[in-house]
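Trainee: Below is the file coords.cif, with mmCIF, C-alpha atoms and all ligand atoms.
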data_structure
#
loop_
_atom_site.label_atom_id
_atom_site.label_comp_id
_atom_site.auth_asym_id
_atom_site.auth_seq_id
_atom_site.Cartn_x
_atom_site.Cartn_y
_atom_site.Cartn_z
CA MET A 1 27.67 12.86 -8.29
CA LYS A 2 27.26 9.19 -7.48
CA ASN A 3 27.24 9.99 -3.78
CA LYS A 4 24.68 12.73 -4.29
CA ALA A 5 22.35 10.31 -6.07
CA LEU A 6 22.78 7.81 -3.28
CA PHE A 7 22.10 10.43 -0.64
CA THR A 8 18.94 11.61 -2.40
CA SER A 9 17.66 8.06 -2.77
CA ASP A 10 18.39 7.29 0.88
CA LYS A 11 16.58 10.41 2.01
CA GLN A 12 13.46 9.25 0.21
CA ASP A 13 13.59 5.86 1.83
CA TRP A 14 13.13 6.87 5.48
CA GLU A 15 13.31 3.34 6.82
CA THR A 16 11.01 2.50 9.72
CA PRO A 17 12.74 2.61 13.12
CA GLN A 18 13.15 -1.04 14.14
CA GLU A 19 11.72 -0.51 17.62
CA LEU A 20 8.51 1.00 16.23
CA PHE A 21 8.22 -1.77 13.65
CA ASP A 22 8.70 -4.43 16.35
CA GLN A 23 5.94 -2.88 18.47
CA LEU A 24 3.54 -2.81 15.54
CA ASN A 25 4.48 -6.27 14.36
CA SER A 26 3.90 -7.78 17.80
CA LYS A 27 0.39 -6.33 17.70
CA TYR A 28 -0.58 -6.95 14.08
CA HIS A 29 1.56 -9.95 13.05
CA PHE A 30 2.26 -8.71 9.53
CA ASP A 31 2.62 -11.06 6.58
CA LEU A 32 3.69 -8.50 3.95
CA ASP A 33 5.93 -5.42 3.74
CA ALA A 34 4.31 -3.68 0.77
CA ALA A 35 7.03 -1.10 0.07
CA ALA A 36 10.59 -2.25 0.32
CA SER A 37 13.90 -2.98 -1.32
CA HIS A 38 15.96 -6.14 -0.98
CA GLY A 39 18.10 -4.24 1.52
CA ASN A 40 15.46 -2.67 3.73
CA ALA A 41 12.55 -5.14 3.85
CA LYS A 42 11.13 -5.55 7.33
CA LEU A 43 9.60 -8.96 6.68
CA PRO A 44 10.50 -12.13 4.78
CA LYS A 45 7.68 -11.42 2.32
CA TYR A 46 7.95 -8.02 0.66
CA VAL A 47 7.38 -6.11 -2.59
CA THR A 48 9.99 -3.89 -4.24
CA ALA A 49 9.66 -0.98 -6.67
CA GLU A 50 10.74 -3.33 -9.45
CA ASP A 51 7.78 -5.64 -8.73
CA ASP A 52 5.55 -2.60 -8.08
CA ALA A 53 3.18 -3.15 -5.21
CA LEU A 54 0.70 -0.74 -6.78
CA SER A 55 0.09 -3.08 -9.70
CA GLN A 56 -0.30 -6.16 -7.50
CA GLU A 57 -3.21 -7.67 -5.60
CA TRP A 58 -2.87 -7.34 -1.80
CA GLY A 59 -6.00 -9.32 -0.96
CA GLU A 60 -4.28 -12.61 -0.12
CA TYR A 61 -2.42 -11.06 2.83
CA SER A 62 -4.24 -10.76 6.14
CA SER A 63 -2.02 -8.11 7.74
CA ILE A 64 0.10 -5.70 5.72
CA PHE A 65 2.70 -3.18 6.82
CA CYS A 66 3.52 -0.28 4.53
CA ASN A 67 5.85 2.67 4.96
CA PRO A 68 5.40 4.02 1.43
CA PRO A 69 7.81 6.18 -0.57
CA TYR A 70 7.60 9.78 0.57
CA GLU A 71 7.00 11.73 -2.61
CA THR A 72 3.46 13.01 -3.08
CA LYS A 73 2.45 10.80 -6.02
CA SER A 74 3.48 7.65 -4.18
CA GLN A 75 1.82 8.70 -0.94
CA ASN A 76 -1.42 9.34 -2.83
CA ALA A 77 -1.26 6.04 -4.67
CA PHE A 78 -0.29 3.83 -1.72
CA ILE A 79 -2.87 5.34 0.62
CA LYS A 80 -5.62 4.89 -1.99
CA LYS A 81 -4.43 1.32 -2.62
CA ALA A 82 -4.54 0.54 1.11
CA TYR A 83 -8.01 2.01 1.47
CA ASP A 84 -9.38 0.22 -1.62
CA THR A 85 -7.81 -3.09 -0.61
CA HIS A 86 -9.25 -2.94 2.89
CA GLN A 87 -12.67 -2.04 1.50
CA GLU A 88 -12.62 -5.01 -0.85
CA PHE A 89 -10.94 -7.70 1.25
CA GLY A 90 -11.33 -6.55 4.86
CA ASN A 91 -7.70 -7.24 5.69
CA THR A 92 -5.65 -5.17 8.14
CA ILE A 93 -3.33 -2.60 6.59
CA VAL A 94 -1.02 -0.44 8.68
CA LEU A 95 0.60 2.64 7.15
CA LEU A 96 3.45 4.67 8.59
CA ILE A 97 3.11 8.04 6.88
CA PRO A 98 3.80 11.74 7.38
CA ALA A 99 0.95 13.45 9.24
CA ARG A 100 0.11 15.78 6.35
CA THR A 101 -3.42 16.23 7.58
CA GLY A 102 -4.44 18.98 5.19
CA THR A 103 -3.94 16.91 2.06
CA MET A 104 -6.65 15.48 -0.15
CA ARG A 105 -5.46 11.94 0.60
CA TRP A 106 -5.98 12.36 4.32
CA HIS A 107 -9.44 13.82 3.85
CA LYS A 108 -10.57 11.36 1.21
CA TYR A 109 -9.08 8.10 2.49
CA ILE A 110 -8.17 8.46 6.16
CA PHE A 111 -10.36 10.74 8.29
CA GLY A 112 -13.44 8.77 9.40
CA LYS A 113 -12.21 5.66 7.59
CA ALA A 114 -9.22 4.45 9.56
CA GLU A 115 -7.81 4.40 13.06
CA ILE A 116 -5.23 7.20 13.37
CA ASN A 117 -2.41 7.19 15.88
CA PHE A 118 -0.44 10.43 15.79
CA LEU A 119 3.06 9.77 17.07
CA GLU A 120 4.50 11.96 19.79
CA GLY A 121 7.73 13.66 18.77
CA ARG A 122 9.47 13.14 15.46
CA LEU A 123 10.89 9.81 14.45
CA HIS A 124 14.52 8.94 14.06
CA PHE A 125 14.26 7.01 10.80
CA GLU A 126 16.97 4.67 9.60
CA THR A 127 19.11 4.35 6.50
CA ASN A 128 20.56 0.93 5.76
CA GLY A 129 19.47 -0.11 9.24
CA VAL A 130 21.36 2.74 10.96
CA ARG A 131 19.33 5.15 13.08
CA HIS A 132 19.55 8.80 11.99
CA LYS A 133 21.13 11.06 14.60
CA ILE A 134 18.67 13.81 13.70
CA ASN A 135 14.94 13.31 13.83
CA ALA A 136 12.67 13.77 10.81
CA PRO A 137 11.53 17.24 9.75
CA PHE A 138 7.89 16.11 9.81
CA ASP A 139 5.38 14.51 12.17
CA SER A 140 4.30 10.92 11.52
CA ALA A 141 1.19 8.86 12.07
CA VAL A 142 0.36 5.18 12.12
CA VAL A 143 -2.87 4.71 10.18
CA VAL A 144 -4.69 1.41 10.55
CA TYR A 145 -7.35 0.09 8.21
CA GLY A 146 -9.14 -2.67 10.08
CA GLY A 147 -8.04 -1.38 13.49
CA SER A 148 -10.26 -1.37 16.54
CA ASP A 149 -11.87 2.00 15.78
CA HIS A 150 -13.16 1.09 12.36
CA ALA A 151 -14.38 -2.13 10.75
C1 LIG B 1 10.00 4.48 3.02
S1 LIG B 1 10.86 3.09 2.33
C2 LIG B 1 10.39 1.81 3.45
C3 LIG B 1 11.44 0.75 3.56
C4 LIG B 1 11.16 -0.38 4.54
N1 LIG B 1 10.08 -1.22 4.08
C5 LIG B 1 10.83 0.15 5.92
O1 LIG B 1 9.67 0.20 6.32
O2 LIG B 1 11.79 0.53 6.58
C6 LIG B 1 9.86 2.79 0.89
C7 LIG B 1 10.40 1.68 0.01
O3 LIG B 1 9.46 1.42 -1.03
C8 LIG B 1 10.15 1.11 -2.21
N2 LIG B 1 9.23 1.35 -3.34
C9 LIG B 1 9.15 2.43 -4.16
N3 LIG B 1 8.16 2.27 -5.05
C10 LIG B 1 7.61 1.05 -4.81
C11 LIG B 1 6.57 0.31 -5.42
N4 LIG B 1 5.88 0.79 -6.46
N5 LIG B 1 6.27 -0.92 -4.93
C12 LIG B 1 6.95 -1.42 -3.87
N6 LIG B 1 7.97 -0.76 -3.26
C13 LIG B 1 8.28 0.45 -3.71
C14 LIG B 1 11.37 2.02 -2.17
O4 LIG B 1 12.39 1.52 -2.99
C15 LIG B 1 11.72 1.98 -0.68
O5 LIG B 1 12.63 0.94 -0.43
#
How does the structure come out when it is put into structure tokens?
Ligand SMILES: C[S@@+](CC[C@H](N)C(=O)[O-])C[C@H]1O[C@@H](n2cnc3c(N)ncnc32)[C@H](O)[C@@H]1O
Mentor:
Amino acid sequence: MKNKALFTSDKQDWETPQELFDQLNSKYHFDLDAAASHGNAKLPKYVTAEDDALSQEWGEYSSIFCNPPYETKSQNAFIKKAYDTHQEFGNTIVLLIPARTGTMRWHKYIFGKAEINFLEGRLHFETNGVRHKINAPFDSAVVVYGGSDHA
């Protein structure tokens, strides 16, 4: 039972492949990982579920990376938070999210409002820093608020 709980939790985490993160970080020079745990944070400065990034101000950070939790409620909330924060503070916010292009969140907060980079192929995410042998069962996109396509 304990193992099952661990497995389920790990599956929801879908850690960013290090190579992809390094590419993005070399371009955007992030100063915050907005969705992390003490074990999977990609940057020295990060926010965990316990501290709840959704209830915090993101305006003081100039460049934020966020691979939010994968369940629908969290995706909705983090994408809205990223959009609202960029609107208010003009900072750069980069999201790694599933390319669920038919959802309300994509239509309301992404299309026409952010730069969208659909990734070719399906990512090999990581768990505890170890690359999954099998790729993800969904397509992913890197969505950039404050990217070159949009102010
Ligand atoms: C998809 S994982 C990303 C992990 C890592 N930052 C990365 O990119 O590889 C999402 C992380 O967000 C954390 N999380 C869940 N709810 C959160 C919240 N409200 N605020 C901050 N982090 C949260 C989860 O515990 C999980 O570690």
Trainee: So which one's closest to Asn117 (chain A), A:Leu32, A:Val47, A:Ile64, A:Val142? Using all atoms listed in the file, please.
Mentor: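 Of the candidates, the smallest distance to Asn117 (chain A) is held by A:Val142.
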Trainee: With the cut-off set at 9 Å and counting all atoms listed in the file, tabulate each residue of chain A with an atom at most that distance from an atom of ligand LIG 1 (chain B), showing the nearest atom pair and its distance in Å to one decimal, ordered by chain and increasing number, as CSV.
Mentor:
residue,atom,partner,partner_atom,distance
A:Ser9,CA,B:LIG1,O4,8.4
A:Asp10,CA,B:LIG1,C15,8.7
A:Lys11,CA,B:LIG1,C1,8.9
A:Gln12,CA,B:LIG1,C1,6.5
A:Asp13,CA,B:LIG1,S1,3.9
A:Trp14,CA,B:LIG1,C1,4.6
A:Glu15,CA,B:LIG1,O2,3.2
A:Thr16,CA,B:LIG1,O2,3.8
A:Pro17,CA,B:LIG1,O2,6.9
A:Gln18,CA,B:LIG1,O2,7.8
A:Phe21,CA,B:LIG1,O1,7.7
A:Asp33,CA,B:LIG1,N1,5.9
A:Ala34,CA,B:LIG1,C12,5.8
A:Ala35,CA,B:LIG1,N6,3.5
A:Ala36,CA,B:LIG1,O5,3.9
A:Ser37,CA,B:LIG1,O5,4.2
A:His38,CA,B:LIG1,O5,7.8
A:Gly39,CA,B:LIG1,O5,7.8
A:Asn40,CA,B:LIG1,C4,4.9
A:Ala41,CA,B:LIG1,N1,4.6
A:Lys42,CA,B:LIG1,N1,5.5
A:Leu43,CA,B:LIG1,N1,8.2
A:Tyr46,CA,B:LIG1,N1,7.9
A:Val47,CA,B:LIG1,C12,4.9
A:Thr48,CA,B:LIG1,N6,3.9
A:Ala49,CA,B:LIG1,C10,3.4
A:Glu50,CA,B:LIG1,N5,6.8
A:Asp51,CA,B:LIG1,N5,6.2
A:Asp52,CA,B:LIG1,N5,3.6
A:Ala53,CA,B:LIG1,N5,3.8
A:Leu54,CA,B:LIG1,N4,5.4
A:Ser55,CA,B:LIG1,N4,7.7
A:Gln56,CA,B:LIG1,N5,8.8
A:Phe65,CA,B:LIG1,O1,7.8
A:Cys66,CA,B:LIG1,O1,6.4
A:Asn67,CA,B:LIG1,O1,4.7
A:Pro68,CA,B:LIG1,C6,4.7
A:Pro69,CA,B:LIG1,C6,4.2
A:Tyr70,CA,B:LIG1,C1,6.3
A:Ser74,CA,B:LIG1,N3,7.2
A:Phe78,CA,B:LIG1,N4,8.4
A:Leu96,CA,B:LIG1,O1,8.0
A:Ile97,CA,B:LIG1,C1,8.7
A:Phe125,CA,B:LIG1,O2,8.1
A:Glu126,CA,B:LIG1,O2,7.3
A:Thr127,CA,B:LIG1,O2,8.3
A:Asn128,CA,B:LIG1,O2,8.8
A:Gly129,CA,B:LIG1,O2,8.2
Trainee: Considering all atoms listed in the file, state which residue in the set A:Ile134, A:Ile93, A:Ala141, A:Leu123 is at the smallest distance from His29 (chain A).
Mentor: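 Under the stated criterion, the closest residue is A:Ile93.
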Trainee: For Trp58 (chain A), which residue out of A:Asn91, A:Thr103, A:Ser140, A:Asn135 is the nearest one, using all atoms listed in the file?
Mentor: A:Asn91
Trainee: Looking at A:Phe89, A:Tyr61, A:Tyr145, A:Tyr83, which one is nearest to Tyr109 (chain A), with distances taken over all atoms listed in the file?
Mentor: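 Of the candidates, the smallest distance to Tyr109 (chain A) is held by A:Tyr83.
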Trainee: Using only C-alpha atoms, pick whichever of A:Glu120, A:Val130, A:His86, A:Thr72 has the shortest atom-to-atom distance to Arg105 (chain A).
Mentor: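 Looking only at the distances to Arg105 (chain A), the closest residue turns out to be A:Thr72.
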Trainee: Ranking A:Gly146, A:Pro98, A:Gly90, A:Gly112 by minimum distance to Tyr28 (chain A) and counting only C-alpha atoms, which one comes first?
Mentor: A:Gly146
Trainee: What is the CA of Thr92 (chain A)-CA of Ala136 (chain A) distance in Å, reported with one decimal?
Mentor: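 Interatomic distance here is 26.5 Å.
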Trainee: Can you work out the spacing between CA of Lys81 (chain A) and CA of Ala114 (chain A) in Å, to one decimal?
Mentor: 13.5 Å
Trainee: CA of Ala82 (chain A) and CA of Met104 (chain A) are how many Å apart?
Mentor: 15.1 Å
Trainee: Region 111-114 of chain A, all listed atoms, 5 Å padding on each side: what axis-aligned box centre and edge lengths in Å to one decimal come out, as lines of an AutoDock Vina configuration file?
Mentor:
center_x = -11.3
center_y = 7.6
center_z = 8.6
size_x = 14.2
size_y = 16.3
size_z = 12.0
